file structure34.cif (mmCIF, C-alpha atoms)
data_target
loop_
_atom_site.group_PDB
_atom_site.id
_atom_site.type_symbol
_atom_site.label_atom_id
_atom_site.label_comp_id
_atom_site.auth_asym_id
_atom_site.auth_seq_id
_atom_site.Cartn_x
_atom_site.Cartn_y
_atom_site.Cartn_z
ATOM 1 C CA GLU A 1 -6.005 -16.792 7.482
ATOM 2 C CA ALA A 2 -7.114 -13.268 6.604
ATOM 3 C CA GLN A 3 -5.662 -12.405 3.240
ATOM 4 C CA VAL A 4 -5.936 -10.835 -0.180
ATOM 5 C CA THR A 5 -5.280 -13.335 -2.948
ATOM 6 C CA GLN A 6 -4.177 -12.280 -6.406
ATOM 7 C CA ASN A 7 -3.795 -14.495 -9.436
ATOM 8 C CA PRO A 8 -1.699 -15.040 -11.357
ATOM 9 C CA ARG A 9 1.592 -14.106 -9.667
ATOM 10 C CA TYR A 10 3.399 -13.827 -12.990
ATOM 11 C CA LEU A 11 2.012 -13.281 -16.459
ATOM 12 C CA ILE A 12 3.626 -12.686 -19.828
ATOM 13 C CA THR A 13 1.231 -11.768 -22.610
ATOM 14 C CA VAL A 14 1.190 -10.181 -26.036
ATOM 15 C CA THR A 15 -0.068 -6.765 -26.993
ATOM 16 C CA GLY A 16 -3.818 -6.642 -27.500
ATOM 17 C CA LYS A 17 -4.727 -9.945 -25.868
ATOM 18 C CA LYS A 18 -7.361 -9.342 -23.209
ATOM 19 C CA LEU A 19 -6.490 -10.469 -19.718
ATOM 20 C CA THR A 20 -7.933 -10.428 -16.221
ATOM 21 C CA VAL A 21 -6.047 -10.343 -12.948
ATOM 22 C CA THR A 22 -8.196 -11.657 -10.138
ATOM 23 C CA CYS A 23 -8.295 -10.345 -6.579
ATOM 24 C CA SER A 24 -10.210 -11.904 -3.732
ATOM 25 C CA GLN A 25 -10.361 -11.081 -0.019
ATOM 26 C CA ASN A 26 -11.811 -13.153 2.806
ATOM 27 C CA MET A 27 -12.184 -10.416 5.424
ATOM 28 C CA ASN A 28 -15.579 -9.008 4.404
ATOM 29 C CA HIS A 29 -13.895 -5.706 3.593
ATOM 30 C CA GLU A 30 -15.970 -3.025 1.913
ATOM 31 C CA TYR A 31 -13.109 -1.140 0.313
ATOM 32 C CA MET A 32 -10.844 -2.548 -2.386
ATOM 33 C CA SER A 33 -8.285 -0.935 -4.622
ATOM 34 C CA TRP A 34 -5.729 -1.639 -7.338
ATOM 35 C CA TYR A 35 -2.243 -0.142 -7.525
ATOM 36 C CA ARG A 36 0.584 -0.445 -9.982
ATOM 37 C CA GLN A 37 4.222 -0.063 -9.018
ATOM 38 C CA ASP A 38 6.888 1.122 -11.424
ATOM 39 C CA PRO A 39 10.547 1.996 -10.788
ATOM 40 C CA GLY A 40 10.949 5.655 -9.932
ATOM 41 C CA LEU A 41 7.190 6.235 -9.872
ATOM 42 C CA GLY A 42 6.260 4.316 -6.754
ATOM 43 C CA LEU A 43 2.793 2.905 -6.174
ATOM 44 C CA ARG A 44 -0.074 4.593 -7.980
ATOM 45 C CA GLN A 45 -3.769 3.910 -7.567
ATOM 46 C CA ILE A 46 -5.580 2.611 -10.651
ATOM 47 C CA TYR A 47 -9.161 2.051 -9.484
ATOM 48 C CA TYR A 48 -10.965 1.673 -6.206
ATOM 49 C CA SER A 49 -14.301 0.408 -4.973
ATOM 50 C CA MET A 50 -16.194 1.582 -1.915
ATOM 51 C CA ASN A 51 -18.603 -1.362 -1.988
ATOM 52 C CA VAL A 52 -20.453 -3.731 -4.301
ATOM 53 C CA GLU A 53 -21.295 -2.098 -7.631
ATOM 54 C CA VAL A 54 -19.484 1.112 -6.607
ATOM 55 C CA THR A 55 -16.205 1.752 -8.422
ATOM 56 C CA ASP A 56 -14.246 4.849 -9.315
ATOM 57 C CA LYS A 57 -11.078 5.900 -11.082
ATOM 58 C CA GLY A 58 -7.808 6.447 -9.305
ATOM 59 C CA ASP A 59 -4.829 8.329 -10.661
ATOM 60 C CA VAL A 60 -3.930 6.088 -13.611
ATOM 61 C CA PRO A 61 -7.121 4.364 -14.871
ATOM 62 C CA GLU A 62 -6.443 4.541 -18.623
ATOM 63 C CA GLY A 63 -6.405 1.131 -20.233
ATOM 64 C CA TYR A 64 -7.965 -0.653 -17.264
ATOM 65 C CA LYS A 65 -11.435 -1.737 -16.206
ATOM 66 C CA VAL A 66 -12.703 -3.181 -12.959
ATOM 67 C CA SER A 67 -15.899 -4.690 -11.639
ATOM 68 C CA ARG A 68 -17.283 -5.336 -8.168
ATOM 69 C CA LYS A 69 -20.194 -7.727 -8.467
ATOM 70 C CA GLU A 70 -19.490 -9.390 -5.150
ATOM 71 C CA LYS A 71 -17.958 -8.001 -2.008
ATOM 72 C CA ARG A 72 -15.007 -10.379 -1.970
ATOM 73 C CA ASN A 73 -13.858 -10.053 -5.590
ATOM 74 C CA PHE A 74 -12.388 -7.108 -7.487
ATOM 75 C CA PRO A 75 -10.882 -8.198 -10.816
ATOM 76 C CA LEU A 76 -8.660 -5.920 -12.895
ATOM 77 C CA ILE A 77 -9.324 -6.182 -16.628
ATOM 78 C CA LEU A 78 -6.977 -5.124 -19.399
ATOM 79 C CA GLU A 79 -9.055 -5.165 -22.572
ATOM 80 C CA SER A 80 -6.137 -4.502 -24.924
ATOM 81 C CA PRO A 81 -2.851 -4.607 -23.026
ATOM 82 C CA SER A 82 0.062 -2.529 -24.237
ATOM 83 C CA PRO A 83 3.766 -2.647 -23.301
ATOM 84 C CA ASN A 84 3.398 0.455 -21.094
ATOM 85 C CA GLN A 85 1.176 -1.630 -18.821
ATOM 86 C CA THR A 86 4.117 -3.842 -17.968
ATOM 87 C CA SER A 87 4.262 -3.399 -14.220
ATOM 88 C CA LEU A 88 3.879 -4.918 -10.763
ATOM 89 C CA TYR A 89 0.241 -4.834 -9.676
ATOM 90 C CA PHE A 90 -1.162 -4.958 -6.163
ATOM 91 C CA CYS A 91 -4.685 -5.358 -4.912
ATOM 92 C CA ALA A 92 -5.561 -4.016 -1.464
ATOM 93 C CA SER A 93 -8.573 -4.108 0.803
ATOM 94 C CA SER A 94 -9.708 -2.390 3.963
ATOM 95 C CA LEU A 95 -12.678 -2.389 6.284
ATOM 96 C CA GLY A 96 -13.487 1.157 5.194
ATOM 97 C CA ARG A 97 -12.096 3.717 2.758
ATOM 98 C CA ASP A 98 -10.406 5.614 5.531
ATOM 99 C CA GLY A 99 -8.116 2.683 6.084
ATOM 100 C CA ILE A 100 -8.212 3.270 9.785
ATOM 101 C CA TYR A 101 -7.564 -0.379 10.404
ATOM 102 C CA GLY A 102 -4.860 -0.537 7.778
ATOM 103 C CA TYR A 103 -4.921 -1.889 4.277
ATOM 104 C CA THR A 104 -4.137 -5.514 3.484
ATOM 105 C CA PHE A 105 -2.259 -5.998 0.234
ATOM 106 C CA GLY A 106 -2.011 -9.012 -1.995
ATOM 107 C CA SER A 107 1.320 -10.563 -2.939
ATOM 108 C CA GLY A 108 1.383 -8.889 -6.317
ATOM 109 C CA THR A 109 1.101 -9.787 -9.997
ATOM 110 C CA ARG A 110 4.071 -9.137 -12.225
ATOM 111 C CA LEU A 111 2.763 -8.482 -15.720
ATOM 112 C CA THR A 112 4.895 -8.285 -18.831
ATOM 113 C CA VAL A 113 3.306 -7.204 -22.115
ATOM 114 C CA VAL A 114 5.415 -7.852 -25.199
ATOM 115 C CA ASP B 1 2.504 14.861 -4.309
ATOM 116 C CA ALA B 2 3.662 12.903 -1.280
ATOM 117 C CA LYS B 3 3.134 14.864 1.911
ATOM 118 C CA THR B 4 6.024 13.266 3.732
ATOM 119 C CA THR B 5 9.816 13.450 3.659
ATOM 120 C CA GLN B 6 11.974 10.487 4.631
ATOM 121 C CA PRO B 7 15.686 9.731 4.360
ATOM 122 C CA THR B 8 16.455 7.650 1.317
ATOM 123 C CA SER B 9 18.312 4.949 3.188
ATOM 124 C CA MET B 10 19.453 3.863 6.632
ATOM 125 C CA ASP B 11 21.514 1.067 8.105
ATOM 126 C CA CYS B 12 20.939 -0.684 11.399
ATOM 127 C CA ALA B 13 22.840 -3.399 13.216
ATOM 128 C CA GLU B 14 20.940 -6.589 13.902
ATOM 129 C CA GLY B 15 19.491 -6.611 17.414
ATOM 130 C CA ARG B 16 19.631 -2.848 17.780
ATOM 131 C CA ALA B 17 16.714 -0.454 17.606
ATOM 132 C CA ALA B 18 15.958 1.030 14.204
ATOM 133 C CA ASN B 19 14.620 4.575 14.349
ATOM 134 C CA LEU B 20 13.084 5.765 11.103
ATOM 135 C CA PRO B 21 12.192 9.466 10.935
ATOM 136 C CA CYS B 22 9.477 11.090 8.880
ATOM 137 C CA ASN B 23 8.689 14.736 8.334
ATOM 138 C CA HIS B 24 5.064 15.713 7.668
ATOM 139 C CA SER B 25 5.073 19.414 8.398
ATOM 140 C CA THR B 26 1.878 20.130 6.423
ATOM 141 C CA ILE B 27 -0.246 17.504 8.151
ATOM 142 C CA SER B 28 -3.850 18.520 8.806
ATOM 143 C CA GLY B 29 -5.765 18.029 12.016
ATOM 144 C CA ASN B 30 -7.769 15.046 10.765
ATOM 145 C CA GLU B 31 -4.900 13.260 9.066
ATOM 146 C CA TYR B 32 -3.373 10.141 10.478
ATOM 147 C CA VAL B 33 0.222 9.001 10.150
ATOM 148 C CA TYR B 34 0.555 5.474 8.751
ATOM 149 C CA TRP B 35 3.604 3.300 8.319
ATOM 150 C CA TYR B 36 3.866 0.484 5.828
ATOM 151 C CA ARG B 37 6.807 -1.561 4.687
ATOM 152 C CA GLN B 38 7.559 -3.473 1.512
ATOM 153 C CA ILE B 39 9.952 -6.377 1.531
ATOM 154 C CA HIS B 40 11.525 -6.920 -1.881
ATOM 155 C CA SER B 41 8.556 -6.481 -4.259
ATOM 156 C CA GLN B 42 6.093 -8.208 -1.944
ATOM 157 C CA GLY B 43 2.831 -6.434 -1.165
ATOM 158 C CA PRO B 44 3.143 -3.518 1.258
ATOM 159 C CA GLN B 45 2.509 -4.530 4.840
ATOM 160 C CA TYR B 46 0.692 -2.333 7.340
ATOM 161 C CA ILE B 47 2.771 -1.672 10.466
ATOM 162 C CA ILE B 48 1.125 0.949 12.635
ATOM 163 C CA HIS B 49 -0.749 4.232 12.567
ATOM 164 C CA GLY B 50 -1.493 7.134 14.910
ATOM 165 C CA LEU B 51 -3.146 10.505 15.181
ATOM 166 C CA LYS B 52 -1.364 12.360 17.971
ATOM 167 C CA ASN B 53 -0.631 9.923 20.754
ATOM 168 C CA ASN B 54 2.279 7.539 20.704
ATOM 169 C CA GLU B 55 1.293 4.044 19.670
ATOM 170 C CA THR B 56 2.787 0.602 20.162
ATOM 171 C CA ASN B 57 1.905 -2.792 18.781
ATOM 172 C CA GLU B 58 3.641 -6.114 18.414
ATOM 173 C CA MET B 59 5.661 -4.885 15.452
ATOM 174 C CA ALA B 60 6.751 -1.369 16.314
ATOM 175 C CA SER B 61 6.272 1.874 18.179
ATOM 176 C CA LEU B 62 5.243 5.181 16.683
ATOM 177 C CA ILE B 63 6.333 8.418 18.304
ATOM 178 C CA ILE B 64 4.572 11.566 17.065
ATOM 179 C CA THR B 65 5.848 14.979 18.088
ATOM 180 C CA GLU B 66 3.509 17.258 19.973
ATOM 181 C CA ASP B 67 3.130 19.603 16.994
ATOM 182 C CA ARG B 68 2.511 16.518 14.782
ATOM 183 C CA LYS B 69 4.968 17.765 12.176
ATOM 184 C CA SER B 70 7.191 14.730 12.441
ATOM 185 C CA SER B 71 7.205 11.172 13.681
ATOM 186 C CA THR B 72 9.568 8.268 14.269
ATOM 187 C CA LEU B 73 8.934 4.601 13.695
ATOM 188 C CA ILE B 74 10.882 2.425 16.109
ATOM 189 C CA LEU B 75 11.642 -1.227 15.508
ATOM 190 C CA PRO B 76 12.943 -2.159 18.957
ATOM 191 C CA HIS B 77 15.146 -5.124 18.026
ATOM 192 C CA ALA B 78 15.762 -5.153 14.299
ATOM 193 C CA THR B 79 16.334 -8.480 12.583
ATOM 194 C CA LEU B 80 17.596 -9.271 9.095
ATOM 195 C CA ARG B 81 13.991 -9.895 8.070
ATOM 196 C CA ASP B 82 13.209 -6.248 8.799
ATOM 197 C CA THR B 83 15.286 -5.205 5.784
ATOM 198 C CA ALA B 84 12.703 -3.439 3.615
ATOM 199 C CA VAL B 85 11.484 -0.140 2.237
ATOM 200 C CA TYR B 86 9.510 1.731 4.901
ATOM 201 C CA TYR B 87 6.827 4.185 3.854
ATOM 202 C CA CYS B 88 5.451 6.967 6.009
ATOM 203 C CA ILE B 89 2.031 8.087 4.733
ATOM 204 C CA VAL B 90 -0.413 10.724 5.922
ATOM 205 C CA SER B 91 -4.056 10.224 5.078
ATOM 206 C CA PRO B 92 -7.390 11.740 6.101
ATOM 207 C CA ASN B 93 -9.524 9.540 8.273
ATOM 208 C CA SER B 94 -12.645 10.050 6.190
ATOM 209 C CA GLY B 95 -14.093 11.629 3.095
ATOM 210 C CA ASN B 96 -11.353 10.686 0.677
ATOM 211 C CA THR B 97 -10.793 8.140 -2.045
ATOM 212 C CA GLY B 98 -8.911 5.831 0.250
ATOM 213 C CA LYS B 99 -5.828 6.405 -1.828
ATOM 214 C CA LEU B 100 -2.490 5.893 -0.124
ATOM 215 C CA ILE B 101 0.161 8.250 -1.470
ATOM 216 C CA PHE B 102 3.401 6.338 -1.351
ATOM 217 C CA GLY B 103 6.552 8.411 -1.524
ATOM 218 C CA GLN B 104 9.962 6.909 -2.135
ATOM 219 C CA GLY B 105 10.267 5.626 1.414
ATOM 220 C CA THR B 106 13.365 4.727 3.435
ATOM 221 C CA THR B 107 15.326 1.651 2.504
ATOM 222 C CA LEU B 108 16.373 0.082 5.788
ATOM 223 C CA GLN B 109 19.264 -2.336 5.613
ATOM 224 C CA VAL B 110 19.707 -4.456 8.734
ATOM 225 C CA LYS B 111 23.241 -5.790 8.900
ATOM 226 C CA PRO B 112 24.604 -8.751 10.870
#

call {"tool": "encode", "arguments": {"input": "structure34.cif", "output": "structure tokens"}}
result
Amino acid sequence: EAQVTQNPRYLITVTGKKLTVTCSQNMNHEYMSWYRQDPGLGLRQIYYSMNVEVTDKGDVPEGYKVSRKEKRNFPLILESPSPNQTSLYFCASSLGRDGIYGYTFGSGTRLTVV
Amino acid sequence: DAKTTQPTSMDCAEGRAANLPCNHSTISGNEYVYWYRQIHSQGPQYIIHGLKNNETNEMASLIITEDRKSSTLILPHATLRDTAVYYCIVSPNSGNTGKLIFGQGTTLQVKP
């Protein structure tokens, strides 16, 4: 089944403890992206990647890092999480950056930083 | 900076057609209209997209006005499982960051 898989689904962590949220797609998509969703603010893009080894900042990149060493994987790294990064995170992928075939989203990761 | 305007909420009776309007009066010639939905904090789900012609797939139909300033998503026979937030998004078909600008969307409540 074509899908975007995120792990973990739920995570509670403490301030400052480095964490990684994994994202993997099995559709050979070139384009991948991370969003966060917060009440009243909607979905906002954090980082995106046009292809392997090509990443760029979205609208809210502060406090996050990403890497794209392989086409299928696009992990989101929080080096020193803070409570304002408590949010619902979604990974998405598409055949191309224009999304002409639609974006496929993962099921989400609910992160709580205490 | 969403480029679309949608009603905040709508109700629809189960089995009836749900017609969700979207205004995108500033749409550019190379921008597509996309519809996604999000069911209770799950990942957004792609529904349909179009440029200027009406489109239909197994999930829905998309009607775009001739001037392209508005569109309507039609779910022909709404079920309870169609209860969700529906997002209308306009996006260029090339040369951008691939970012989807999600507005507040329309919360559709399908009632028995």

call {"tool": "closest_residue", "arguments": {"input": "structure34.cif", "among": "B:Leu80, B:Ile101, B:Leu20, B:Leu108", "to": "chain A", "atoms": "all atoms listed in the file"}}
result
B:Ile101

call {"tool": "closest_residue", "arguments": {"input": "structure34.cif", "among": "B:Pro112, B:Gly105, B:Gly98, B:Gly50", "to": "chain A", "atoms": "only C-alpha atoms"}}
result
B:Gly98

call {"tool": "closest_atom_pairs", "arguments": {"input": "structure34.cif", "of": "chain B", "to": "chain A", "cutoff": "12 Å", "atoms": "all atoms listed in the file", "output": "JSON lines"}}
result
{"residue": "B:Asp1", "atom": "CA", "partner": "A:Arg44", "partner_atom": "CA", "distance": 11.2}
{"residue": "B:Ala2", "atom": "CA", "partner": "A:Gly42", "partner_atom": "CA", "distance": 10.5}
{"residue": "B:Asn30", "atom": "CA", "partner": "A:Asp98", "partner_atom": "CA", "distance": 11.1}
{"residue": "B:Glu31", "atom": "CA", "partner": "A:Asp98", "partner_atom": "CA", "distance": 10.1}
{"residue": "B:Tyr32", "atom": "CA", "partner": "A:Ile100", "partner_atom": "CA", "distance": 8.4}
{"residue": "B:Val33", "atom": "CA", "partner": "A:Ile100", "partner_atom": "CA", "distance": 10.2}
{"residue": "B:Tyr34", "atom": "CA", "partner": "A:Gly102", "partner_atom": "CA", "distance": 8.1}
{"residue": "B:Trp35", "atom": "CA", "partner": "A:Gly102", "partner_atom": "CA", "distance": 9.3}
{"residue": "B:Tyr36", "atom": "CA", "partner": "A:Gly102", "partner_atom": "CA", "distance": 9.0}
{"residue": "B:Arg37", "atom": "CA", "partner": "A:Phe105", "partner_atom": "CA", "distance": 11.0}
{"residue": "B:Gln38", "atom": "CA", "partner": "A:Phe105", "partner_atom": "CA", "distance": 10.2}
{"residue": "B:Ile39", "atom": "CA", "partner": "A:Ser107", "partner_atom": "CA", "distance": 10.6}
{"residue": "B:His40", "atom": "CA", "partner": "A:Ser107", "partner_atom": "CA", "distance": 10.9}
{"residue": "B:Ser41", "atom": "CA", "partner": "A:Gly108", "partner_atom": "CA", "distance": 7.8}
{"residue": "B:Gln42", "atom": "CA", "partner": "A:Ser107", "partner_atom": "CA", "distance": 5.4}
{"residue": "B:Gly43", "atom": "CA", "partner": "A:Ser107", "partner_atom": "CA", "distance": 4.7}
{"residue": "B:Pro44", "atom": "CA", "partner": "A:Phe105", "partner_atom": "CA", "distance": 6.0}
{"residue": "B:Gln45", "atom": "CA", "partner": "A:Phe105", "partner_atom": "CA", "distance": 6.8}
{"residue": "B:Tyr46", "atom": "CA", "partner": "A:Gly102", "partner_atom": "CA", "distance": 5.9}
{"residue": "B:Ile47", "atom": "CA", "partner": "A:Gly102", "partner_atom": "CA", "distance": 8.2}
{"residue": "B:Ile48", "atom": "CA", "partner": "A:Gly102", "partner_atom": "CA", "distance": 7.8}
{"residue": "B:His49", "atom": "CA", "partner": "A:Gly102", "partner_atom": "CA", "distance": 7.9}
{"residue": "B:Gly50", "atom": "CA", "partner": "A:Ile100", "partner_atom": "CA", "distance": 9.3}
{"residue": "B:Leu51", "atom": "CA", "partner": "A:Ile100", "partner_atom": "CA", "distance": 10.4}
{"residue": "B:Val85", "atom": "CA", "partner": "A:Gly42", "partner_atom": "CA", "distance": 11.3}
{"residue": "B:Tyr87", "atom": "CA", "partner": "A:Gly42", "partner_atom": "CA", "distance": 10.6}
{"residue": "B:Ile89", "atom": "CA", "partner": "A:Gly102", "partner_atom": "CA", "distance": 11.5}
{"residue": "B:Val90", "atom": "CA", "partner": "A:Gly99", "partner_atom": "CA", "distance": 11.1}
{"residue": "B:Ser91", "atom": "CA", "partner": "A:Asp98", "partner_atom": "CA", "distance": 7.9}
{"residue": "B:Pro92", "atom": "CA", "partner": "A:Asp98", "partner_atom": "CA", "distance": 6.9}
{"residue": "B:Asn93", "atom": "CA", "partner": "A:Asp98", "partner_atom": "CA", "distance": 4.9}
{"residue": "B:Ser94", "atom": "CA", "partner": "A:Asp98", "partner_atom": "CA", "distance": 5.0}
{"residue": "B:Gly95", "atom": "CA", "partner": "A:Asp98", "partner_atom": "CA", "distance": 7.5}
{"residue": "B:Asn96", "atom": "CA", "partner": "A:Asp98", "partner_atom": "CA", "distance": 7.1}
{"residue": "B:Thr97", "atom": "CA", "partner": "A:Arg97", "partner_atom": "CA", "distance": 6.7}
{"residue": "B:Gly98", "atom": "CA", "partner": "A:Arg97", "partner_atom": "CA", "distance": 4.6}
{"residue": "B:Lys99", "atom": "CA", "partner": "A:Gln45", "partner_atom": "CA", "distance": 6.6}
{"residue": "B:Leu100", "atom": "CA", "partner": "A:Gln45", "partner_atom": "CA", "distance": 7.8}
{"residue": "B:Ile101", "atom": "CA", "partner": "A:Arg44", "partner_atom": "CA", "distance": 7.5}
{"residue": "B:Phe102", "atom": "CA", "partner": "A:Leu43", "partner_atom": "CA", "distance": 6.0}
{"residue": "B:Gly103", "atom": "CA", "partner": "A:Gly42", "partner_atom": "CA", "distance": 6.6}
{"residue": "B:Gln104", "atom": "CA", "partner": "A:Gly42", "partner_atom": "CA", "distance": 6.5}
{"residue": "B:Gly105", "atom": "CA", "partner": "A:Gly42", "partner_atom": "CA", "distance": 9.2}

call {"tool": "resolve_selection", "arguments": {"input": "structure34.cif", "expression": "the PyMOL selection byres ((chain A and resi 23) around 8)", "output": "PDB file with C-alpha atoms, keeping the file's coordinate frame"}}
result
ATOM      1  CA  VAL A   4      -5.936 -10.835  -0.180  1.00  0.00           C
ATOM      2  CA  THR A   5      -5.280 -13.335  -2.948  1.00  0.00           C
ATOM      3  CA  GLN A   6      -4.177 -12.280  -6.406  1.00  0.00           C
ATOM      4  CA  ASN A   7      -3.795 -14.495  -9.436  1.00  0.00           C
ATOM      5  CA  VAL A  21      -6.047 -10.343 -12.948  1.00  0.00           C
ATOM      6  CA  THR A  22      -8.196 -11.657 -10.138  1.00  0.00           C
ATOM      7  CA  SER A  24     -10.210 -11.904  -3.732  1.00  0.00           C
ATOM      8  CA  GLN A  25     -10.361 -11.081  -0.019  1.00  0.00           C
ATOM      9  CA  ASN A  73     -13.858 -10.053  -5.590  1.00  0.00           C
ATOM     10  CA  PHE A  74     -12.388  -7.108  -7.487  1.00  0.00           C
ATOM     11  CA  PRO A  75     -10.882  -8.198 -10.816  1.00  0.00           C
ATOM     12  CA  LEU A  76      -8.660  -5.920 -12.895  1.00  0.00           C
ATOM     13  CA  CYS A  91      -4.685  -5.358  -4.912  1.00  0.00           C
ATOM     14  CA  GLY A 106      -2.011  -9.012  -1.995  1.00  0.00           C
TER      15      GLY A 106
END

call {"tool": "atom_distance", "arguments": {"input": "structure34.cif", "atom1": "CA of Lys71 in chain A", "atom2": "CA of Val54 in chain A"}}
result
10.3 Å

call {"tool": "resolve_selection", "arguments": {"input": "structure34.cif", "expression": "the PyMOL selection byres ((chain B and resi 27) around 8)", "output": "list in words"}}
result
Lys3, His24, Ser25, Thr26, Ser28, Gly29, Glu31, Arg68, Lys69 and Val90 of chain B

call {"tool": "resolve_selection", "arguments": {"input": "structure34.cif", "expression": "the PyMOL selection byres ((chain A and resi 113) around 10)", "output": "number ranges by chain"}}
result
A: 11-17, 81-87, 111-112, 114

call {"tool": "axis_aligned_box", "arguments": {"input": "structure34.cif", "around": "range 78-88 of chain B", "padding_each_side": "5 Å", "output": "AutoDock Vina command-line options"}}
result
--center_x 11.5 --center_y -1.5 --center_z 8.3 --size_x 22.1 --size_y 26.9 --size_z 22.1
